[in-house]
file target10.txt (compact mmCIF, C-alpha atoms)
# COMPACT_ATOMS: atom_id res chain seq x y z
CA MET A 119 -43.75 -0.04 -34.84
CA ARG A 120 -41.54 0.07 -37.89
CA SER A 121 -41.76 -2.87 -40.28
CA ILE A 122 -38.70 -4.86 -41.21
CA LYS A 123 -38.26 -6.44 -44.58
CA LYS A 124 -36.02 -9.47 -44.35
CA THR A 125 -33.60 -10.14 -47.15
CA THR A 126 -31.15 -12.92 -47.71
CA PRO A 127 -27.62 -11.95 -46.63
CA ALA A 128 -25.12 -11.85 -49.48
CA ARG A 129 -21.39 -12.28 -49.14
CA LYS A 130 -20.29 -10.92 -52.51
CA SER A 131 -23.00 -8.56 -53.68
CA THR A 132 -26.54 -7.27 -53.08
CA LYS A 133 -29.53 -6.28 -55.12
CA LYS A 134 -28.73 -2.66 -54.26
CA GLY A 135 -25.63 -2.83 -56.38
CA PHE A 136 -22.95 -2.82 -53.70
CA LYS A 137 -20.31 -5.45 -54.32
CA THR A 138 -17.79 -6.56 -51.72
CA LYS A 139 -15.41 -9.42 -51.03
CA GLU A 140 -16.13 -9.17 -47.31
CA PRO A 141 -18.89 -10.88 -45.28
CA TYR A 142 -21.91 -8.66 -45.74
CA LEU A 143 -25.50 -8.35 -44.55
CA PHE A 144 -28.25 -6.20 -46.03
CA LYS A 145 -31.56 -5.39 -44.34
CA THR A 146 -34.41 -2.99 -44.99
CA ILE A 147 -35.97 -1.57 -41.83
CA ASP A 148 -39.11 0.25 -42.93
CA LYS A 149 -37.69 2.36 -45.75
CA THR A 150 -34.17 2.54 -44.37
CA GLU A 151 -31.39 0.57 -46.00
CA VAL A 152 -29.02 -1.05 -43.48
CA HIS A 153 -25.68 -2.24 -44.87
CA ILE A 154 -23.58 -4.21 -42.36
CA LEU A 155 -19.99 -5.04 -43.30
CA GLY A 156 -18.17 -7.86 -41.48
CA THR A 157 -14.45 -7.27 -41.07
CA ALA A 158 -11.27 -8.68 -39.56
CA HIS A 159 -9.71 -6.12 -37.23
CA ILE A 160 -6.25 -6.54 -38.77
CA SER A 161 -7.14 -6.79 -42.44
CA LYS A 162 -5.93 -4.28 -45.01
CA GLN A 163 -8.68 -5.43 -47.34
CA SER A 164 -11.28 -4.70 -44.65
CA VAL A 165 -10.03 -1.11 -44.40
CA GLU A 166 -10.29 -0.71 -48.16
CA GLU A 167 -13.78 -2.20 -48.26
CA VAL A 168 -14.98 0.15 -45.50
CA GLU A 169 -13.80 3.13 -47.55
CA LYS A 170 -15.39 1.77 -50.72
CA MET A 171 -18.71 1.04 -49.02
CA ILE A 172 -19.04 4.49 -47.48
CA HIS A 173 -18.13 6.24 -50.74
CA ASP A 174 -20.50 4.08 -52.81
CA ILE A 175 -23.51 4.03 -50.47
CA LYS A 176 -23.19 7.58 -49.06
CA PRO A 177 -24.89 6.73 -45.75
CA ASP A 178 -26.74 9.16 -43.50
CA VAL A 179 -25.39 7.41 -40.38
CA ILE A 180 -22.27 5.30 -39.76
CA CYS A 181 -22.22 2.73 -36.93
CA VAL A 182 -19.01 1.20 -35.60
CA GLU A 183 -18.39 -1.76 -33.31
CA LEU A 184 -16.87 0.37 -30.57
CA CYS A 185 -18.14 1.61 -27.22
CA GLU A 186 -18.03 5.31 -26.37
CA SER A 187 -14.82 5.06 -24.34
CA ARG A 188 -13.00 3.01 -26.98
CA MET A 189 -14.13 5.35 -29.75
CA LYS A 190 -12.63 8.27 -27.83
CA SER A 191 -9.32 6.43 -27.52
CA VAL A 192 -9.37 5.55 -31.25
CA GLU A 193 -10.01 9.17 -32.20
CA ASP A 194 -7.49 10.65 -29.77
CA PRO A 195 -3.88 9.91 -30.82
CA ASP A 196 -2.66 11.24 -27.46
CA TYR A 197 -4.86 8.87 -25.44
CA LEU A 198 -1.94 6.95 -23.93
CA LYS A 199 -0.12 10.16 -23.05
CA LYS A 200 -3.13 11.21 -21.00
CA LEU A 201 -3.62 7.86 -19.25
CA ASP A 202 -2.93 8.20 -15.52
CA ILE A 203 -1.99 4.68 -14.44
CA PHE A 204 -1.74 5.82 -10.80
CA LYS A 205 -5.42 6.81 -11.00
CA VAL A 206 -6.23 3.45 -12.60
CA PHE A 207 -4.78 1.58 -9.61
CA LYS A 208 -6.20 4.06 -7.12
CA GLU A 209 -9.70 3.42 -8.47
CA ARG A 210 -8.98 -0.35 -8.56
CA LYS A 211 -9.54 -0.62 -12.30
CA MET A 212 -6.31 -2.57 -12.88
CA TRP A 213 -8.17 -5.73 -13.98
CA LEU A 214 -10.04 -3.79 -16.62
CA LEU A 215 -6.86 -2.10 -17.83
CA LEU A 216 -4.97 -5.40 -17.89
CA SER A 217 -7.72 -7.15 -19.86
CA SER A 218 -7.77 -4.28 -22.36
CA LEU A 219 -3.98 -4.32 -22.68
CA ILE A 220 -3.93 -8.09 -23.24
CA LEU A 221 -6.58 -7.80 -25.94
CA SER A 222 -4.91 -4.90 -27.76
CA SER A 223 -1.48 -6.51 -27.42
CA PHE A 224 -2.75 -9.80 -28.85
CA GLN A 225 -4.41 -8.02 -31.77
CA LYS A 226 -1.26 -6.01 -32.42
CA LYS A 227 0.81 -9.18 -32.59
CA MET A 228 -1.64 -10.58 -35.11
CA GLY A 229 -1.27 -7.48 -37.23
CA ASN A 230 1.61 -6.09 -39.20
CA GLN A 231 3.46 -2.83 -39.66
CA ASP A 232 1.01 -1.56 -42.30
CA ILE A 233 -2.24 -2.25 -40.44
CA LYS A 234 -2.98 -1.48 -36.81
CA PRO A 235 -5.77 -3.32 -34.97
CA GLY A 236 -9.04 -1.49 -35.54
CA ASP A 237 -7.88 0.52 -38.56
CA GLU A 238 -11.14 -0.26 -40.35
CA MET A 239 -13.01 1.41 -37.46
CA ARG A 240 -10.66 4.39 -37.62
CA LYS A 241 -11.30 4.64 -41.34
CA ALA A 242 -15.08 4.60 -40.82
CA ILE A 243 -14.84 7.29 -38.12
CA THR A 244 -12.50 9.48 -40.16
CA LEU A 245 -14.71 9.31 -43.24
CA GLY A 246 -17.82 9.96 -41.16
CA ARG A 247 -16.28 13.07 -39.61
CA SER A 248 -15.04 14.36 -42.97
CA LEU A 249 -18.50 13.86 -44.53
CA ARG A 250 -20.12 15.42 -41.44
CA LYS A 251 -22.27 12.37 -40.86
CA PRO A 252 -23.19 11.05 -37.39
CA VAL A 253 -20.85 8.28 -36.22
CA ILE A 254 -22.48 6.08 -33.57
CA ALA A 255 -20.64 3.74 -31.19
CA VAL A 256 -22.98 0.73 -31.07
CA ASP A 257 -21.04 -1.63 -28.81
CA ARG A 258 -21.51 -2.01 -25.06
CA GLU A 259 -18.98 -0.35 -22.77
CA ILE A 260 -15.97 -2.65 -22.44
CA GLN A 261 -15.93 -2.21 -18.65
CA THR A 262 -19.50 -3.49 -18.45
CA THR A 263 -18.70 -6.49 -20.64
CA LEU A 264 -15.63 -7.37 -18.59
CA LYS A 265 -17.43 -6.95 -15.27
CA ARG A 266 -20.38 -9.05 -16.43
CA SER A 267 -18.13 -11.84 -17.74
CA TRP A 268 -15.87 -11.67 -14.66
CA GLY A 269 -18.86 -11.72 -12.30
CA ASN A 270 -20.29 -14.87 -13.86
CA VAL A 271 -17.42 -17.19 -12.90
CA GLY A 272 -15.88 -18.33 -9.63
CA PHE A 273 -12.38 -17.73 -8.29
CA PHE A 274 -10.69 -20.75 -9.90
CA SER A 275 -12.44 -20.11 -13.19
CA LYS A 276 -11.17 -16.53 -13.04
CA MET A 277 -7.64 -17.84 -12.57
CA TYR A 278 -8.01 -20.27 -15.49
CA LEU A 279 -9.36 -17.64 -17.86
CA PHE A 280 -6.85 -15.04 -16.73
CA SER A 281 -3.92 -17.45 -17.22
CA ALA A 282 -5.22 -18.24 -20.71
CA LEU A 283 -5.36 -14.53 -21.52
CA LEU A 284 -1.92 -13.95 -20.04
CA ALA A 285 -0.50 -16.85 -22.03
CA SER A 286 -1.64 -15.13 -25.22
CA LEU A 287 0.85 -12.36 -24.45
CA LEU A 288 3.71 -14.84 -24.65
CA VAL A 289 2.72 -16.24 -28.03
CA LYS A 290 4.12 -14.81 -31.22
CA GLU A 291 2.49 -15.99 -34.40
CA ASP A 292 3.01 -15.00 -38.01
CA VAL A 293 -0.42 -14.54 -39.52
CA THR A 294 -0.87 -15.29 -43.20
CA ASP A 295 -3.38 -13.66 -45.51
CA GLU A 296 -5.27 -16.96 -45.50
CA LYS A 297 -5.61 -16.86 -41.73
CA ILE A 298 -6.88 -13.28 -41.83
CA GLU A 299 -9.54 -14.41 -44.28
CA GLU A 300 -10.50 -17.17 -41.83
CA MET A 301 -11.11 -14.47 -39.21
CA LYS A 302 -13.87 -13.13 -41.43
CA SER A 303 -15.80 -16.39 -41.13
CA ASP A 304 -19.15 -15.94 -39.41
CA ASP A 305 -18.42 -18.93 -37.20
CA ILE A 306 -14.83 -18.28 -36.14
CA LEU A 307 -15.78 -16.83 -32.73
CA LYS A 308 -18.09 -19.76 -32.09
CA ASP A 309 -15.29 -22.15 -33.07
CA LEU A 310 -12.98 -20.40 -30.61
CA PHE A 311 -15.42 -20.70 -27.71
CA SER A 312 -16.35 -24.28 -28.60
CA GLN A 313 -12.82 -25.25 -27.56
CA ILE A 314 -13.19 -24.08 -23.96
CA PRO A 315 -14.97 -26.16 -21.29
CA LYS A 316 -18.76 -25.98 -21.11
CA LYS A 317 -18.65 -24.42 -17.64
CA TYR A 318 -17.36 -21.21 -19.26
CA GLU A 319 -20.43 -20.96 -21.48
CA SER A 320 -21.60 -17.97 -19.42
CA VAL A 321 -18.46 -16.06 -20.44
CA LYS A 322 -19.13 -16.77 -24.10
CA ASN A 323 -22.73 -15.61 -23.66
CA VAL A 324 -21.58 -12.27 -22.22
CA ILE A 325 -18.74 -11.60 -24.66
CA ILE A 326 -20.44 -12.82 -27.84
CA ASP A 327 -24.18 -13.46 -27.58
CA GLU A 328 -25.12 -10.47 -25.42
CA ARG A 329 -23.08 -8.14 -27.59
CA ASP A 330 -24.77 -9.53 -30.72
CA VAL A 331 -28.10 -8.44 -29.22
CA TYR A 332 -26.62 -5.09 -28.14
CA LEU A 333 -25.10 -4.34 -31.53
CA ALA A 334 -28.28 -5.33 -33.38
CA GLU A 335 -30.49 -3.13 -31.20
CA LYS A 336 -28.21 -0.09 -31.39
CA ILE A 337 -28.02 -0.42 -35.19
CA ARG A 338 -31.82 -0.75 -35.32
CA LEU A 339 -32.22 2.36 -33.16
CA SER A 340 -30.02 4.33 -35.56
CA THR A 341 -32.72 3.89 -38.24
CA LEU A 342 -35.59 5.41 -36.23
CA ASP A 343 -34.99 8.98 -37.40
CA PRO A 344 -37.23 9.47 -40.49
CA LYS A 345 -34.45 11.49 -42.11
CA VAL A 346 -32.13 8.48 -42.07
CA LYS A 347 -32.48 6.55 -45.33
CA LYS A 348 -29.16 4.68 -45.40
CA VAL A 349 -27.07 3.22 -42.56
CA VAL A 350 -23.63 1.64 -42.82
CA ALA A 351 -22.43 -0.48 -39.90
CA VAL A 352 -18.88 -1.82 -39.52
CA VAL A 353 -18.58 -4.82 -37.18
CA GLY A 354 -16.38 -7.85 -36.65
CA ALA A 355 -17.45 -10.60 -39.04
CA GLY A 356 -18.14 -13.00 -36.18
CA HIS A 357 -21.09 -10.87 -35.08
CA LEU A 358 -22.96 -10.90 -38.40
CA ALA A 359 -24.98 -14.06 -37.76
CA GLY A 360 -26.01 -12.91 -34.28
CA ILE A 361 -26.96 -9.45 -35.54
CA GLU A 362 -29.08 -11.00 -38.29
CA ARG A 363 -30.94 -13.11 -35.71
CA ASN A 364 -31.67 -10.16 -33.43
CA ILE A 365 -32.06 -7.05 -35.59
CA GLU A 366 -35.69 -7.87 -36.40
CA ASN A 367 -36.64 -7.80 -32.71
CA GLN A 368 -36.90 -4.88 -30.32
CA ASN A 369 -34.52 -5.71 -27.47
CA GLU A 370 -34.18 -4.14 -24.02
CA LEU A 371 -30.64 -2.84 -23.47
CA ALA A 372 -30.96 -1.93 -19.76
CA PRO A 373 -30.60 -5.54 -18.50
CA LEU A 374 -27.47 -5.94 -20.64
CA ASP A 375 -25.92 -2.85 -19.05
CA GLU A 376 -26.38 -4.08 -15.49
CA VAL A 377 -23.20 -4.89 -13.56
CA PRO A 378 -23.44 -8.00 -11.30
CA LYS A 379 -23.79 -7.22 -7.62
CA ARG A 380 -21.23 -8.50 -5.15
CA LYS A 381 -21.96 -12.15 -4.38
CA PHE A 382 -22.68 -13.32 -0.85
CA TRP A 383 -19.38 -15.18 -0.62
CA ASP A 384 -17.42 -12.09 -1.64
CA SER A 385 -19.03 -10.10 1.17
CA PHE A 386 -18.82 -12.96 3.65
CA SER A 387 -15.09 -13.48 2.98
CA LEU A 388 -14.40 -9.89 4.06
CA VAL A 389 -15.57 -10.93 7.52
CA LEU A 390 -14.50 -14.58 7.53
CA TYR A 391 -10.73 -14.17 7.28
CA PRO A 392 -10.34 -11.47 9.95
CA THR A 393 -12.67 -13.42 12.26
CA PHE A 394 -10.78 -16.67 11.66
CA PHE A 395 -7.32 -15.22 12.40
CA ALA A 396 -8.51 -13.13 15.33
CA GLY A 397 -10.18 -16.22 16.76
CA LEU A 398 -7.12 -18.39 16.07
CA ILE A 399 -4.76 -15.97 17.82
CA GLY A 400 -7.23 -15.41 20.65
CA TYR A 401 -7.81 -19.13 21.24
CA THR A 402 -4.06 -19.85 21.07
CA THR A 403 -3.49 -17.17 23.70
CA TYR A 404 -6.30 -18.58 25.87
CA SER A 405 -5.26 -22.23 25.61
CA GLN A 406 -1.46 -21.95 25.45
CA GLY A 407 -0.70 -18.63 27.02
CA GLY A 408 0.09 -15.11 25.90
CA GLU A 409 3.56 -16.03 24.64
CA ALA A 410 2.10 -18.59 22.19
CA GLY A 411 -0.44 -16.05 20.96
CA MET A 412 2.24 -13.42 20.40
CA ASP A 413 4.40 -16.00 18.63
CA LEU A 414 1.57 -16.77 16.19
CA LEU A 415 0.97 -13.05 15.62
CA SER A 416 4.67 -12.48 14.94
CA LYS A 417 4.63 -15.38 12.46
CA LEU A 418 1.70 -13.74 10.72
CA ILE A 419 3.68 -10.51 10.43
CA TYR A 420 7.03 -11.94 9.39
CA ILE A 421 5.90 -14.86 7.21
CA LYS A 422 3.06 -13.15 5.40
CA GLY A 423 4.80 -9.78 5.25
CA GLY A 424 8.12 -11.39 4.34
CA LEU A 425 6.68 -13.41 1.44
CA ALA A 426 4.83 -10.35 0.12
CA ALA A 427 8.06 -8.35 0.30
CA LEU A 428 9.91 -11.21 -1.40
CA GLY A 429 7.42 -11.05 -4.26
CA ALA A 430 8.06 -7.33 -4.58
CA ILE A 431 11.83 -7.93 -4.51
CA ILE A 432 11.56 -10.54 -7.29
CA ALA A 433 9.55 -7.97 -9.27
CA LEU A 434 12.42 -5.49 -8.70
CA ALA A 435 10.02 -3.04 -7.11
CA HIS A 436 11.07 0.31 -5.69
CA PRO A 437 12.34 -0.01 -2.07
CA ILE A 438 9.33 1.95 -0.81
CA SER A 439 6.99 -0.44 -2.64
CA ILE A 440 8.80 -3.40 -1.02
CA ILE A 441 8.39 -1.90 2.45
CA LEU A 442 4.70 -1.17 1.81
CA ALA A 443 4.15 -4.77 0.66
CA PHE A 444 5.70 -6.02 3.92
CA ILE A 445 3.58 -3.71 6.08
CA THR A 446 0.30 -4.11 4.21
CA ALA A 447 0.22 -7.92 3.96
CA PRO A 448 -0.36 -8.63 7.69
CA ILE A 449 -2.64 -5.60 8.05
CA GLY A 450 -4.74 -6.94 5.19
CA THR A 451 -5.45 -10.07 7.24
CA PHE A 452 -7.66 -8.02 9.53
CA LEU A 453 -8.61 -5.27 7.06
CA PRO A 454 -9.18 -7.12 3.74
CA ILE A 455 -9.71 -3.89 1.83
CA PHE A 456 -5.92 -3.49 2.03
CA LYS A 457 -4.09 -5.80 -0.37
CA ALA A 458 -0.31 -6.05 -0.47
CA GLY A 459 -0.25 -6.24 -4.25
CA TRP A 460 -2.63 -3.36 -4.72
CA VAL A 461 -0.77 -1.03 -2.33
CA SER A 462 2.68 -1.87 -3.71
CA ALA A 463 1.47 -1.44 -7.31
CA LEU A 464 -0.14 1.86 -6.39
CA SER A 465 3.20 2.97 -4.95
CA GLU A 466 5.09 1.74 -8.01
CA SER A 467 2.75 3.52 -10.43
CA TYR A 468 3.35 6.76 -8.54
CA LEU A 469 7.12 6.40 -8.15
CA ARG A 470 7.84 4.97 -11.62
CA LYS A 471 5.22 6.32 -13.99
CA PRO A 472 5.14 4.53 -17.37
CA LEU A 473 6.19 6.45 -20.45
CA VAL A 474 4.26 6.58 -23.72
CA GLU A 475 6.76 4.21 -25.33
CA ASP A 476 6.09 1.65 -22.59
CA PHE A 477 2.47 1.39 -23.73
CA GLU A 478 3.50 1.30 -27.37
CA GLN A 479 6.01 -1.51 -26.75
CA ILE A 480 3.76 -3.79 -24.67
CA ALA A 481 3.21 -6.25 -27.53
CA ASN A 482 6.94 -6.58 -28.25
CA ASP A 483 8.14 -6.55 -24.63
CA SER A 484 5.62 -9.20 -23.56
CA GLU A 485 7.23 -11.68 -25.95
CA THR A 486 10.35 -11.92 -23.78
CA PHE A 487 10.77 -12.89 -20.14
CA THR A 488 12.90 -9.84 -19.38
CA GLY A 489 10.38 -7.57 -21.07
CA PHE A 490 8.07 -7.86 -18.06
CA TRP A 491 10.74 -6.17 -15.94
CA LYS A 492 11.88 -3.74 -18.65
CA ASN A 493 8.47 -2.36 -19.62
CA ARG A 494 7.10 -0.10 -16.87
CA VAL A 495 3.47 -1.01 -17.55
CA LEU A 496 4.09 -4.76 -17.43
CA HIS A 497 6.41 -4.21 -14.48
CA ILE A 498 3.66 -2.55 -12.44
CA PHE A 499 1.46 -5.58 -12.95
CA LEU A 500 4.32 -7.80 -11.77
CA VAL A 501 4.54 -5.64 -8.66
CA PHE A 502 0.79 -6.17 -8.27
CA PHE A 503 0.74 -9.94 -8.69
CA LEU A 504 3.92 -11.22 -7.04
CA PRO A 505 3.45 -9.57 -3.61
CA GLN A 506 -0.20 -10.66 -3.64
CA ILE A 507 0.77 -14.24 -4.40
CA GLY A 508 3.38 -14.13 -1.62
CA SER A 509 0.83 -12.75 0.83
CA THR A 510 -1.68 -15.48 -0.07
CA ILE A 511 0.90 -18.23 0.40
CA GLY A 512 1.80 -16.68 3.75
CA THR A 513 -1.85 -16.76 4.81
CA PHE A 514 -2.07 -20.53 4.28
CA LEU A 515 1.29 -21.20 5.94
CA VAL A 516 0.42 -19.24 9.09
CA ALA A 517 -3.07 -20.73 9.26
CA GLY A 518 -1.59 -24.22 8.93
CA LYS A 519 0.97 -23.59 11.67
CA GLY A 520 -1.66 -22.18 14.00
CA LEU A 521 -4.07 -25.07 13.53
CA LYS A 522 -1.26 -27.62 13.84
CA ASN A 523 -0.21 -26.19 17.21
CA LEU A 524 -3.79 -26.42 18.47
CA PHE A 525 -4.37 -30.02 17.42
call {"tool": "encode", "arguments": {"input": "target10.txt", "output": "structure tokens"}}
result
Amino acid sequence: MRSIKKTTPARKSTKKGFKTKEPYLFKTIDKTEVHILGTAHISKQSVEEVEKMIHDIKPDVICVELCESRMKSVEDPDYLKKLDIFKVFKERKMWLLLSSLILSSFQKKMGNQDIKPGDEMRKAITLGRSLRKPVIAVDREIQTTLKRSWGNVGFFSKMYLFSALLASLLVKEDVTDEKIEEMKSDDILKDLFSQIPKKYESVKNVIIDERDVYLAEKIRLSTLDPKVKKVVAVVGAGHLAGIERNIENQNELAPLDEVPKRKFWDSFSLVLYPTFFAGLIGYTTYSQGGEAGMDLLSKLIYIKGGLAALGAIIALAHPISIILAFITAPIGTFLPIFKAGWVSALSESYLRKPLVEDFEQIANDSETFTGFWKNRVLHIFLVFFLPQIGSTIGTFLVAGKGLKNLF
């Protein structure tokens, strides 16, 4: 077991001679120096301090607060050109893509023309590659984080959190230098989550606390090679306190990489709805005759299918996508794996593939109401949500009519 010498974190300077204006943490793990710089992801000064730190310290290893998939996208300038949105919807990863787009769009709005979100990470990676030093992605995969946070809340909580995220797309805020400096406060993330209801504490634990443990352990693991004498880690400033608490302990990462299994209710609902409507139509036929049963079935087709198609029409979907929404909605009542929104969005992503500029303009287009129809990426999500909402409303209307006729 390697020994860890605890030192007092310094914001401005350290005994090792490195001086910085950024939040900063220094640790000695055995004989390895670990320098952890806290940054704001849209700060020009953070980019400059990353460059200065790497040049001054000359580390053997550079750690960045990115997961493997995000590091690939940061390094590859043609990442968006290669993104197959049809494949994203086909593999039902649209929630993960949407969450990522909302986050990157929000960060881009907070930035400016000179600094792109994550430029300090890009700088660390670029310098590491040029110096031929290992660059390690020490964050947990974003898909795992999103799935773990999503799996810890119920349906209505999902809707609340999603609406809050979506609302952030509609907000445009001029960020001053003073506000960027506030983002480098160790407690700013905790302040943010302290404003949401206590019942969402599990989300905060997944997004902040678990990742603090993950980052600390991955940074610690980077020091185990005897040849490594100096490590530089670049992380968001809000993680510094959590990393300091956890870096002295050996933590198991496997439990933090586990994706929540499907809950009982999620599995049960796949059987409940088809059984309910089949039973409702069957009992209506038995008690009121075949004509009444057929009438209820036709209502299911025309009301549910019609409202799903109406949602697609409002979204200005392709005619084929509108037809598919109409057909899929009633079928999905008995085969829940088919969703009107999912099928119509899959069709739209195939028929109207987004262009590179659509991805690049998400932040700007999301600031206007018409932008959601103009931008092909945002438009596909409209085609996903509106038919699904129409189909859901239709489900309740038909169920209400059927029960009313019986009683």
call {"tool": "residues_near_point", "arguments": {"input": "target10.txt", "point": "(-10.2, 6.8, -33.7)", "cutoff": "9 Å", "atoms": "only C-alpha atoms", "output": "NGL selection string"}}
result
:A and (188-195 or 236-237 or 239-244)
call {"tool": "atom_distance", "arguments": {"input": "target10.txt", "atom1": "atom CA of Gly360 of chain A", "atom2": "atom CA of Asp330 of chain A"}}
result
5.1 Å
call {"tool": "closest_residue", "arguments": {"input": "target10.txt", "among": "A:Ala435, A:Ile441, A:Asn367, A:Leu358", "to": "Lys492 of chain A", "atoms": "only C-alpha atoms"}}
result
A:Ala435
call {"tool": "atom_distance", "arguments": {"input": "target10.txt", "atom1": "atom CA of Ser405 of chain A", "atom2": "atom CA of Thr446 of chain A"}}
result
28.6 Å
call {"tool": "closest_residue", "arguments": {"input": "target10.txt", "among": "A:Lys162, A:Asn364, A:Val377, A:Ile172", "to": "Thr263 of chain A", "atoms": "all atoms listed in the file"}}
result
A:Val377
call {"tool": "closest_residue", "arguments": {"input": "target10.txt", "among": "A:Ser248, A:Arg329, A:Ala359, A:Lys322", "to": "Phe144 of chain A", "atoms": "all atoms listed in the file"}}
result
A:Ala359
call {"tool": "atom_distance", "arguments": {"input": "target10.txt", "atom1": "atom CA of Lys519 of chain A", "atom2": "atom CA of Thr402 of chain A"}}
result
11.3 Å
